[in-house]
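> Quick one: the structure is below, questions incoming.
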Amino acid sequence: MNQPPVLDVVGVVKRFGGFTALDGINLTVAPSERLGLIGPNGSGKTTLISCISGSLIADDGQVRFQGQDITKLTPHRRTGLGIGRSFQIPRPFGSMTVAENVAIPLEYVGQGSRKEIASEARDILGLMRLDHLADTDARALNQIELRKLELARAMACHPKLLISDEAMAGLSGNEVDEILEILLAVNQRGVAIIMIEHIMRAVMGFSERIVVLDAGKKIADGAPEEIMRNPDVERAYLGE
Amino acid sequence: MLDLFLNAIAAGILLGGFYAAMTVGLTISFGQLDIVNIAHPAFIVLGSFCTFVLHEHAGLDPLLAGVLLAPAFFCIGIGVYSVYYGSFERRGDESLRGLAFFFGIMFILEVLLIMTFGVDYRLVETSYIGESIKIGVIGLPFRMLVPFLAALAMAGGIYLYLSKTFTGRAILAVAQDRLALQLMGADPVRTKQIAFGIGLGTAAVAGSLLIMLGPVEPSVGRLYIGRIFAIVVLGGMGSIGGTIVAAIILGVVESMVATFYGPSWSPAVAFGFLLMTLAIRPSGLFGR
Amino acid sequence: MQCFSGTRRWALKLAAAAFAGTLAFAAPAQAEKPIKIGFSMALTGGLAAAGKAALIAMEIWKDDVNAAGGLLGRQVEFVYYDDQTNPSTVPGIYTKLLTLDNVDLVVSGYATNMIAPAMPIVMSRKMVFMSLFGLAVNEKFNYPNYFQIMPAGPNPLTDWSKGFFDIAAAQNPKPTTVALVGADAEFARNALIGARENAAKAGFKIVYDKTYPPPTADFSPIVRAIQAENPDVVFVASYPPDSAGMVRAINEVGLKTKLLGGGMVGLQFAALMGKLGPSLNGIVNYDFWVPEPTLKFDGVEAFLKKYQEKAPAAGVDPLGYYLPPYAYAYLQVLGDAVKAVGSTDQQKLADYIRSHTHKTVVGDVSFAPNGEWATPRALMVQFQGINDSGLEQFTKAGARVVLWPEQWKSGTLKYPYAQ
Amino acid sequence: MRIGWFYPIALLLVLGGAFATKHVDSNFVFYAGYVVLQFIVLATAWNILGGFTGYVNFGTAAFFAVGAYTTIALNKALGLPLLAIMPIAGIIAGLIGLAAGYFTLRLKGVFFSIATLALAVVLETAVANWGYVGGASGSYVIPPAEVPFFDNYIEGLFSLMLLLAVVAVGIARYIALSKIGRGFAAIRDDEVAAECMGVPTLRLKLIATTLSGALMGIAGAPYPFYVTYVEPTSAFSLTYAVNSIAMPLIGGTTTWFGPVIGAVLLGSLQQWATVTISSELNLLIVGVTLVAFVVLAPQGLVGLARKLFGRGGRTP
């Protein structure tokens, strides 16, 4: 942990009307780190990653990415700096093919010529095991393929940090393993990953470190084994 | 000066009531169901012409005619929604093509009216039109008072229906979340059909009020499109109470501008108000 | 893509050929081919009510002429297209009339917006242009062969309301203040310009001068604002729906003024008059023809009888006093000129029309150099003794008495207005 | 970058049109053609925003009228010729598009549509009250008696509009085939996702509103010379909005040539109907074709053709 962190969230607060969704969250992610983000429903996970990726702007506190303050930047600027995200409910570009879907971030984040973009799109689809569907319309894909497309597009943003928002919810055991393999392969390329997941087996197996949110506060931060033993976490999940 | 001021406010409130009657159906279809029924004013004009026929040939009071027409409009609404659902909503295609669909419907309605009735102006005359009551310095013409009261009654009835009956609550639920509706055990398509039907039913009543106010010709509805959409937005998209308050605010603003500044600027003031609201507070004056 | 313009040209030629074919087919086997009169008319859109009524009147003229043997021994035929009350259709229509349909004569469609777009085309062909109710169209074009049948007078903008202010100025004691109000649209704005001049000339003080936009649903705030200024005279320039709204609001508020009306369009139409009934009493408004004894010109009653038979089926104004006689008359002027000149030579026709007085169903017409009537005859009439709704009373003399001009006067002003 | 077939053909088309003015007898072709070409420009301009990014603009008439009234004002104030006015009209209408976009595009799509409707009302009221350009009583523009290179002004106007149509379609085509166009399509499909994939959505939408508004304004600039008499009601007529929406929908909104097909078909049909049917049925044409197409052929003629002849190339 002697490298400077890729992401540094300092005291972030987010309110909706009178309701405080995030109450002074601190969080750091080191380069190439695999971080699991868990917490009960409504604990603020999605709000937090929205503040990181830019769909929401934090009311207070600071978000730093590779040392640069990005608290107020628009989402596409953050994407350009190297934050990629997948959506919990897949949001493909329905009128385009799978390859064209991936080409959009390649074109807007990268600089390559159309030929380079096409070949890179093929590489990414290969990594995601989607290459056989490259010319299929995105709206014709099934659930697992859509999840992979989400990850493929996020990868196409050339991220240094990838946020995977429940990429495995509703998938079968084999499919979960497939996504996990893909995420590990991505991580091998030096991309830090924040994984939000309800499937404990997956998070615990994947993460090097786990952060637990409850009611807008961070209640635990540590290695998976520690978290499993943490009484606060147990209370948050099981109630009093 | 004071009585001019009071009268301007009174006239504005009555005018606002009339606007509310024209808008409340759109509050349901646009505000709650997300169906951009730009043909709503055209349906109102259809209501005016039907009222005219019933008044002229059967001697019915215009308001009564409007109420009697409402069930027929309800059925038309169910039919229109079914086409809309089958062609657009089910395909997830409603935004662009759905808008264009209602745009086309509006033109077809206008032309059908022109072909049936010609383009001449129609108006109705009843015993109470032309009379007014005086309260202190304030004069309230029945021509405006009747629409105002009818609008309040109609909006109140719809409000009660939405909050007290099962179907009504289902309609409110569909506005929020389709999943919640299914959990309630109601069929979303059926619920939306009924809601859209009610929306069009109000157009019949609003039509009878429109022709009570002044002469009507087939394409007069166009002139009201901007205004009533503005009211739905100002009212917070789907709130019946918000619609009434927004309509009355718009009515009072127009009436005040007309009295004290010059009527020719009143639509610009009203729409400037809308544009400002959209820019500063997109959820409307009373939005969530 | 290259064949694009070619294809369309080809399609147009085909259409033109087909059209010419139908015409040829329709024409009876006569030695002389018919005289074709071409025009655009608002048969749909905002002006269609008037446009359709005008067309009925024009058809009656055509039937009358053809029954009497036609013009120059040739039958008269119309070639007309619906301009949809959309000015941008008009240039195309007149070009087609003149180049593809090869009409012998053209006349205008109804109202200013539809007349002006035809002017450059008609002018480039130097055609005689009889025009139906355009307000001061020729002021900008200065076209010598333009003739306007609307009896506004040589200075249409001011002559229009001259009568109203003459009447006001003649009262004793002379009123001092005037309020002007009108719609935000072409005719009303122009009428207000004239009214402002006339009011200034007659020495009135203008205490209120505002316009309102369509659609104004409730006029009572406007009427109250006018009342607050206490004007002796109120001049209103309005369109049919607002005229009705205005009359109702005036009665509801109880406007206290001495003279009211002027340029309210719509109060001449049966649909509005019949409904507004007694609330019209006392209003002094412009009109072009009313069934008063002073205005029984040759042929007008026979014409109206024919018109009133056809009107109900077409859904247009059942009485037809306002526009239809003039729609008949503008063709009458043209037809008589053709007869007198003995050809359709445009220059000769124009010279003849300019230099002669024409006997028509709307009386004797002669034109000023700018093509307007040489003497204004925008009548000022007052609604009197209207006691109920019902159309019958408006067909009789005395319901709308003519107050101005003096020459056609048929009754006396009931003054002041305030009820 | 290969030159492709589009530009040579476009050039040929313009030269062919100008040549035609010397060799076609009836000016009717030019008057009717002018209107059809004008609708090609309007439909193409509308489609850059409405079809490519999915934001429905009901205010076509407002931008069109801005162009027309720029001509009236500048012609009166400075006596500028039309050719000098057109770019200015484009700039003004484009700036209005930019401003309207800036204030409303952060709203969801439908609110944008309503805002454009309101914009049309506000502008119409402003023009009706602006005495210098004639206000509600209207204003005359007398076309020049002589036009260089052409026999009369309508041939000049026709050639000008032809050139403009080609330029507008060329711009739309360039966009559709470029990075910007792919960004537009991403916005249309899912704006939130597009933003997160690095697409600068607000900037792209502003480009679309500005360009779309500017083209509409330029299309409106020659209008006063065409009709010679302009007043707000007809300049702000809803006809422009209906047609500019109906034409792309009939042709197909996702391609650059869909609006052209729609405008040529519907525009010619209307011109033809004006001089043949001449009745209320005329007005039914737009409404019925619009409803029929959105219900039965949601992807327009382009989509129909693709269905019939297989998927075909996505873009030529």
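Every chain in the structure tokens has a letter given in the order shown (A, B, ...), and although residue numbers restart at 1 in each chain, ligands are simply numbered from 1 in the order shown.
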When you get a sec, could you note down which chain A residues fall within 12 Å of chain B, using only C-alpha atoms, as a ChimeraX atom specification?

/A:16-17,94-95,139

> Counting only C-alpha atoms, which residues of chain B come no farther than 6 Å from chain D, as a PyMOL selection string?

chain B and resi 87+97+101+104+107-108+226+268+271+279

> Restricting the output to N, CA and C atoms, write the selected residues as a tab-separated table (two decimals), in the first residue's frame.


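In the end it all went to selection16.tsv:
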```tsv
chain	number	residue	atom	x	y	z
B	87	SER	N	-49.29	-0.38	-30.21
B	87	SER	CA	-48.36	0.08	-31.25
B	87	SER	C	-47.07	0.65	-30.69
B	97	ARG	N	-42.45	8.23	-31.46
B	97	ARG	CA	-43.56	7.84	-32.32
B	97	ARG	C	-44.91	8.06	-31.66
B	101	PHE	N	-47.93	10.10	-33.13
B	101	PHE	CA	-49.25	9.46	-33.24
B	101	PHE	C	-50.35	10.44	-32.80
B	104	GLY	N	-50.82	13.30	-35.16
B	104	GLY	CA	-51.63	12.90	-36.31
B	104	GLY	C	-53.11	12.82	-35.95
B	107	PHE	N	-54.74	16.18	-36.00
B	107	PHE	CA	-55.08	16.67	-37.33
B	107	PHE	C	-56.29	15.95	-37.89
B	108	ILE	N	-56.36	14.65	-37.68
B	108	ILE	CA	-57.50	13.90	-38.21
B	108	ILE	C	-58.79	14.39	-37.56
B	226	GLY	N	-50.26	24.69	-25.75
B	226	GLY	CA	-49.14	25.16	-24.93
B	226	GLY	C	-49.59	25.44	-23.52
B	268	ALA	N	-47.14	35.58	-23.36
B	268	ALA	CA	-45.69	35.57	-23.22
B	268	ALA	C	-45.31	35.51	-21.76
B	271	PHE	N	-46.00	31.95	-20.57
B	271	PHE	CA	-45.05	30.95	-21.04
B	271	PHE	C	-43.64	31.24	-20.58
B	279	ALA	N	-36.51	25.80	-16.35
B	279	ALA	CA	-35.08	26.00	-16.24
B	279	ALA	C	-34.60	25.91	-14.79
```

> Do a neighbour search on stretch 149-161 of chain A at 8 Å with only C-alpha atoms, toss out local chain neighbours closer than 6 positions, and write the hits as a count of residues only.

36

> Need the shell around stretch 54-68 of chain A: protein/DNA/RNA residues with any atom at most 9 Å away, counting only C-alpha atoms. Skip same-chain ones fewer than 3 positions apart. Format as a PyMOL selection string?

(chain A and resi 4-15+22+24-25+47-51+71-79+81-83) or (chain D and resi 192+195-196)

> From the DSSP assignment of the backbone, select every residue of stretch 71-136 of chain C that is helix (DSSP H, G or I), and format the answer as a ChimeraX atom specification.

/C:87-99,112-124

> Sorted by chain and rising residue number, which residues of chain D lie within 8 Å of chain A, and what are their closest atom pairs and distances in Å to one decimal, counting only C-alpha atoms, as a tab-separated table?


```
residue	atom	partner	partner_atom	distance
D:Lys179	CA	A:Glu107	CA	7.3
D:Arg182	CA	A:Ile104	CA	7.1
D:Gly183	CA	A:Ile104	CA	7.0
D:Ala185	CA	A:Ser95	CA	7.8
D:Ala186	CA	A:Phe93	CA	5.9
D:Asp189	CA	A:Phe93	CA	5.0
D:Asp190	CA	A:Phe93	CA	6.1
D:Ala193	CA	A:Arg91	CA	6.3
D:Glu195	CA	A:His76	CA	5.1
D:Cys196	CA	A:His76	CA	5.5
D:Met197	CA	A:Pro105	CA	4.9
D:Gly198	CA	A:His76	CA	4.0
D:Val199	CA	A:His76	CA	5.8
D:Pro200	CA	A:His76	CA	5.7
```

> Residues near A:Thr136, anyone? I mean within 6 Å using only C-alpha atoms, not counting same-chain ones fewer than 2 positions away, as a ChimeraX atom specification.

/A:97-98,133-134

> Given a cut-off of 8 Å, which residues of chain C touch chain B, counting only C-alpha atoms, written out as a VMD selection string?

chain C and resid 44 to 46 48 to 49 184 210 to 215 217 to 218 220 to 222 224 to 225 228 240 to 242 244 to 245 248 to 249 251 to 253 271 to 272 275 to 276 314 to 317

> Pick out the residues sitting within 9 Å of stretch 66-69 of chain B, and hand them over as a PDB file with all heavy atoms, in the first residue's frame; count only C-alpha atoms, and ignore anything fewer than 4 positions along from it in its own chain.


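Listing of part00.pdb after writing:
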```pdb
ATOM      1  N   GLY B  47     -65.620  17.597 -28.042  1.00  0.00           N
ATOM      2  CA  GLY B  47     -66.642  17.674 -27.000  1.00  0.00           C
ATOM      3  C   GLY B  47     -67.523  18.895 -27.180  1.00  0.00           C
ATOM      4  O   GLY B  47     -68.749  18.828 -27.026  1.00  0.00           O
ATOM      5  N   SER B  48     -66.899  20.028 -27.551  1.00  0.00           N
ATOM      6  CA  SER B  48     -67.675  21.251 -27.775  1.00  0.00           C
ATOM      7  C   SER B  48     -68.695  21.055 -28.884  1.00  0.00           C
ATOM      8  O   SER B  48     -69.851  21.455 -28.762  1.00  0.00           O
ATOM      9  CB  SER B  48     -66.748  22.399 -28.168  1.00  0.00           C
ATOM     10  OG  SER B  48     -65.912  22.738 -27.107  1.00  0.00           O
ATOM     11  N   CYS B  50     -69.947  18.223 -30.060  1.00  0.00           N
ATOM     12  CA  CYS B  50     -70.996  17.278 -29.665  1.00  0.00           C
ATOM     13  C   CYS B  50     -71.997  17.977 -28.751  1.00  0.00           C
ATOM     14  O   CYS B  50     -73.212  17.806 -28.877  1.00  0.00           O
ATOM     15  CB  CYS B  50     -70.388  16.072 -28.961  1.00  0.00           C
ATOM     16  SG  CYS B  50     -69.368  15.075 -30.042  1.00  0.00           S
ATOM     17  N   THR B  51     -71.463  18.789 -27.819  1.00  0.00           N
ATOM     18  CA  THR B  51     -72.347  19.564 -26.940  1.00  0.00           C
ATOM     19  C   THR B  51     -73.261  20.459 -27.765  1.00  0.00           C
ATOM     20  O   THR B  51     -74.470  20.538 -27.516  1.00  0.00           O
ATOM     21  CB  THR B  51     -71.500  20.443 -25.999  1.00  0.00           C
ATOM     22  OG1 THR B  51     -70.646  19.608 -25.252  1.00  0.00           O
ATOM     23  CG2 THR B  51     -72.381  21.243 -25.078  1.00  0.00           C
ATOM     24  N   ASP B  61     -79.105  21.305 -21.715  1.00  0.00           N
ATOM     25  CA  ASP B  61     -78.191  22.291 -21.170  1.00  0.00           C
ATOM     26  C   ASP B  61     -76.771  21.874 -21.525  1.00  0.00           C
ATOM     27  O   ASP B  61     -76.433  20.692 -21.442  1.00  0.00           O
ATOM     28  CB  ASP B  61     -78.350  22.336 -19.648  1.00  0.00           C
ATOM     29  CG  ASP B  61     -77.382  23.315 -19.017  1.00  0.00           C
ATOM     30  OD1 ASP B  61     -77.697  24.514 -19.018  1.00  0.00           O
ATOM     31  OD2 ASP B  61     -76.294  22.861 -18.572  1.00  0.00           O
ATOM     32  N   PRO B  62     -75.921  22.822 -21.918  1.00  0.00           N
ATOM     33  CA  PRO B  62     -74.571  22.422 -22.363  1.00  0.00           C
ATOM     34  C   PRO B  62     -73.797  21.594 -21.341  1.00  0.00           C
ATOM     35  O   PRO B  62     -73.178  20.591 -21.691  1.00  0.00           O
ATOM     36  CB  PRO B  62     -73.867  23.755 -22.634  1.00  0.00           C
ATOM     37  CG  PRO B  62     -74.857  24.821 -22.451  1.00  0.00           C
ATOM     38  CD  PRO B  62     -76.175  24.229 -22.117  1.00  0.00           C
ATOM     39  N   PHE B  73     -66.897   9.450 -24.375  1.00  0.00           N
ATOM     40  CA  PHE B  73     -65.494   9.810 -24.519  1.00  0.00           C
ATOM     41  C   PHE B  73     -64.610   8.828 -23.760  1.00  0.00           C
ATOM     42  O   PHE B  73     -63.502   8.519 -24.188  1.00  0.00           O
ATOM     43  CB  PHE B  73     -65.266  11.246 -24.016  1.00  0.00           C
ATOM     44  CG  PHE B  73     -65.497  12.279 -25.066  1.00  0.00           C
ATOM     45  CD1 PHE B  73     -66.743  12.395 -25.671  1.00  0.00           C
ATOM     46  CD2 PHE B  73     -64.485  13.134 -25.463  1.00  0.00           C
ATOM     47  CE1 PHE B  73     -66.966  13.336 -26.645  1.00  0.00           C
ATOM     48  CE2 PHE B  73     -64.696  14.079 -26.445  1.00  0.00           C
ATOM     49  CZ  PHE B  73     -65.940  14.176 -27.028  1.00  0.00           C
ATOM     50  N   PHE B  74     -65.119   8.352 -22.621  1.00  0.00           N
ATOM     51  CA  PHE B  74     -64.392   7.349 -21.851  1.00  0.00           C
ATOM     52  C   PHE B  74     -64.101   6.135 -22.736  1.00  0.00           C
ATOM     53  O   PHE B  74     -62.975   5.630 -22.788  1.00  0.00           O
ATOM     54  CB  PHE B  74     -65.243   6.962 -20.633  1.00  0.00           C
ATOM     55  CG  PHE B  74     -64.638   5.875 -19.798  1.00  0.00           C
ATOM     56  CD1 PHE B  74     -63.629   6.155 -18.895  1.00  0.00           C
ATOM     57  CD2 PHE B  74     -65.086   4.571 -19.915  1.00  0.00           C
ATOM     58  CE1 PHE B  74     -63.072   5.152 -18.118  1.00  0.00           C
ATOM     59  CE2 PHE B  74     -64.536   3.561 -19.145  1.00  0.00           C
ATOM     60  CZ  PHE B  74     -63.525   3.850 -18.249  1.00  0.00           C
ATOM     61  N   GLY B 201     -62.667  11.403 -20.824  1.00  0.00           N
ATOM     62  CA  GLY B 201     -64.009  11.746 -20.341  1.00  0.00           C
ATOM     63  C   GLY B 201     -64.077  13.195 -19.892  1.00  0.00           C
ATOM     64  O   GLY B 201     -65.042  13.911 -20.188  1.00  0.00           O
ATOM     65  N   THR B 202     -63.017  13.667 -19.228  1.00  0.00           N
ATOM     66  CA  THR B 202     -63.021  15.062 -18.783  1.00  0.00           C
ATOM     67  C   THR B 202     -63.005  16.018 -19.976  1.00  0.00           C
ATOM     68  O   THR B 202     -63.472  17.145 -19.873  1.00  0.00           O
ATOM     69  CB  THR B 202     -61.807  15.392 -17.906  1.00  0.00           C
ATOM     70  OG1 THR B 202     -60.630  15.336 -18.723  1.00  0.00           O
ATOM     71  CG2 THR B 202     -61.676  14.433 -16.750  1.00  0.00           C
ATOM     72  N   ALA B 203     -62.472  15.538 -21.111  1.00  0.00           N
ATOM     73  CA  ALA B 203     -62.430  16.402 -22.294  1.00  0.00           C
ATOM     74  C   ALA B 203     -63.843  16.732 -22.758  1.00  0.00           C
ATOM     75  O   ALA B 203     -64.101  17.828 -23.266  1.00  0.00           O
ATOM     76  CB  ALA B 203     -61.637  15.734 -23.417  1.00  0.00           C
ATOM     77  N   ALA B 204     -64.775  15.782 -22.597  1.00  0.00           N
ATOM     78  CA  ALA B 204     -66.163  16.050 -22.992  1.00  0.00           C
ATOM     79  C   ALA B 204     -66.726  17.196 -22.160  1.00  0.00           C
ATOM     80  O   ALA B 204     -67.327  18.136 -22.690  1.00  0.00           O
ATOM     81  CB  ALA B 204     -67.003  14.786 -22.823  1.00  0.00           C
ATOM     82  N   VAL B 205     -66.513  17.117 -20.841  1.00  0.00           N
ATOM     83  CA  VAL B 205     -67.035  18.169 -19.962  1.00  0.00           C
ATOM     84  C   VAL B 205     -66.332  19.489 -20.278  1.00  0.00           C
ATOM     85  O   VAL B 205     -66.971  20.536 -20.424  1.00  0.00           O
ATOM     86  CB  VAL B 205     -66.838  17.770 -18.484  1.00  0.00           C
ATOM     87  CG1 VAL B 205     -67.362  18.865 -17.580  1.00  0.00           C
ATOM     88  CG2 VAL B 205     -67.529  16.450 -18.196  1.00  0.00           C
ATOM     89  N   ALA B 206     -64.992  19.431 -20.415  1.00  0.00           N
ATOM     90  CA  ALA B 206     -64.242  20.654 -20.723  1.00  0.00           C
ATOM     91  C   ALA B 206     -64.731  21.260 -22.032  1.00  0.00           C
ATOM     92  O   ALA B 206     -64.823  22.480 -22.166  1.00  0.00           O
ATOM     93  CB  ALA B 206     -62.751  20.346 -20.805  1.00  0.00           C
ATOM     94  N   GLY B 207     -65.075  20.400 -22.997  1.00  0.00           N
ATOM     95  CA  GLY B 207     -65.588  20.882 -24.274  1.00  0.00           C
ATOM     96  C   GLY B 207     -66.883  21.659 -24.089  1.00  0.00           C
ATOM     97  O   GLY B 207     -67.085  22.710 -24.696  1.00  0.00           O
ATOM     98  N   SER B 208     -67.761  21.142 -23.231  1.00  0.00           N
ATOM     99  CA  SER B 208     -69.025  21.848 -23.020  1.00  0.00           C
ATOM    100  C   SER B 208     -68.768  23.204 -22.361  1.00  0.00           C
ATOM    101  O   SER B 208     -69.454  24.179 -22.635  1.00  0.00           O
ATOM    102  CB  SER B 208     -69.974  20.992 -22.183  1.00  0.00           C
ATOM    103  OG  SER B 208     -69.527  20.930 -20.854  1.00  0.00           O
ATOM    104  N   LEU B 209     -67.735  23.259 -21.508  1.00  0.00           N
ATOM    105  CA  LEU B 209     -67.421  24.540 -20.862  1.00  0.00           C
ATOM    106  C   LEU B 209     -66.815  25.513 -21.868  1.00  0.00           C
ATOM    107  O   LEU B 209     -67.097  26.711 -21.852  1.00  0.00           O
ATOM    108  CB  LEU B 209     -66.437  24.317 -19.705  1.00  0.00           C
ATOM    109  CG  LEU B 209     -66.897  23.327 -18.639  1.00  0.00           C
ATOM    110  CD1 LEU B 209     -65.832  23.177 -17.573  1.00  0.00           C
ATOM    111  CD2 LEU B 209     -68.207  23.774 -18.023  1.00  0.00           C
TER     112      LEU B 209
END
```

> Taking only residues of chain D that have an atom at most 6 Å from an atom of chain C, what is each one's shortest atom pair and its distance in Å to one decimal, using only C-alpha atoms, in chain and number order, as a tab-separated table?


```
residue	atom	partner	partner_atom	distance
D:Ser26	CA	C:Thr99	CA	5.6
D:Phe28	CA	C:Lys96	CA	5.1
D:Tyr31	CA	C:Gly92	CA	4.9
D:Ala32	CA	C:Gly92	CA	5.7
D:Ala136	CA	C:Ala185	CA	4.6
D:Ser137	CA	C:Glu186	CA	3.7
D:Val227	CA	C:Pro117	CA	4.6
D:Thr228	CA	C:Pro117	CA	5.4
D:Tyr229	CA	C:Ala116	CA	5.8
D:Val275	CA	C:Tyr81	CA	5.7
D:Ser278	CA	C:Asp82	CA	4.8
D:Glu280	CA	C:Thr44	CA	5.9
```

> Which parts of stretch 103-193 of chain A does DSSP call strand (DSSP E or B) when run on the backbone here, written out as a ChimeraX atom specification?

/A:137,161-165,192-193

> So that I have them on file, write out the residues from the current selection with N, CA and C atoms, as a PDB file, in the first residue's frame.


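Below is the file part-v3.pdb, written as the result:
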```
ATOM      1  N   ASP A 137     -27.674  -7.543 -32.918  1.00  0.00           N
ATOM      2  CA  ASP A 137     -28.259  -6.348 -32.312  1.00  0.00           C
ATOM      3  C   ASP A 137     -28.269  -6.512 -30.800  1.00  0.00           C
ATOM      4  N   LEU A 161     -10.002   2.163 -12.928  1.00  0.00           N
ATOM      5  CA  LEU A 161     -10.892   1.700 -11.872  1.00  0.00           C
ATOM      6  C   LEU A 161     -12.205   1.271 -12.527  1.00  0.00           C
ATOM      7  N   LEU A 162     -12.626   0.034 -12.253  1.00  0.00           N
ATOM      8  CA  LEU A 162     -13.878  -0.464 -12.823  1.00  0.00           C
ATOM      9  C   LEU A 162     -14.858  -0.689 -11.682  1.00  0.00           C
ATOM     10  N   ILE A 163     -16.055  -0.104 -11.834  1.00  0.00           N
ATOM     11  CA  ILE A 163     -17.072  -0.311 -10.810  1.00  0.00           C
ATOM     12  C   ILE A 163     -18.101  -1.275 -11.383  1.00  0.00           C
ATOM     13  N   SER A 164     -18.228  -2.428 -10.735  1.00  0.00           N
ATOM     14  CA  SER A 164     -19.159  -3.430 -11.244  1.00  0.00           C
ATOM     15  C   SER A 164     -20.367  -3.473 -10.314  1.00  0.00           C
ATOM     16  N   ASP A 165     -21.495  -2.970 -10.792  1.00  0.00           N
ATOM     17  CA  ASP A 165     -22.679  -2.815  -9.947  1.00  0.00           C
ATOM     18  C   ASP A 165     -23.591  -4.027 -10.110  1.00  0.00           C
ATOM     19  N   ALA A 192      -8.045  -1.653 -11.113  1.00  0.00           N
ATOM     20  CA  ALA A 192      -8.663  -1.794  -9.798  1.00  0.00           C
ATOM     21  C   ALA A 192     -10.159  -2.014  -9.981  1.00  0.00           C
ATOM     22  N   ILE A 193     -10.772  -2.807  -9.084  1.00  0.00           N
ATOM     23  CA  ILE A 193     -12.192  -3.106  -9.256  1.00  0.00           C
ATOM     24  C   ILE A 193     -12.928  -2.898  -7.941  1.00  0.00           C
TER      25      ILE A 193
END
```

> Provide the atom CA of B:Ala247 to atom CA of B:Gly16 distance in Å, to one decimal place.

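Here the two named atoms are 4.7 Å from each other.
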
> Identify, on the basis of only C-alpha atoms, every residue whose closest approach to C:Asn387 does not exceed 10 Å; exclude the query and any residue fewer than 3 positions from it along the same chain; express the result as a VMD selection string.

chain C and resid 277 to 281 384 390 393 399

> How would the residues just chosen look if you wrote them out with C-alpha atoms as a CSV table (one decimal), in the first residue's frame?


```csv
chain,number,residue,atom,x,y,z
C,277,GLY,CA,-79.3,38.6,-29.7
C,278,PRO,CA,-80.4,41.5,-27.4
C,279,SER,CA,-76.9,42.0,-26.0
C,280,LEU,CA,-76.0,43.5,-29.4
C,281,ASN,CA,-78.4,46.4,-29.0
C,384,GLN,CA,-81.6,48.3,-32.7
C,390,GLY,CA,-83.5,34.2,-33.7
C,393,GLN,CA,-85.4,39.6,-37.2
C,399,ALA,CA,-82.6,45.7,-37.0
```

> Just give me the gap between atom CA of D:Phe309 and atom CA of D:Gly252 in Å, one decimal is fine.

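Going from atom CA of D:Phe309 over to atom CA of D:Gly252, I get 15.7 Å.
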
> What is the distance between atom CA of C:Val361 and atom CA of C:Phe303, in Å to one decimal?

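Spanning atom CA of C:Val361 to atom CA of C:Phe303 is a straight-line distance of 7.9 Å.
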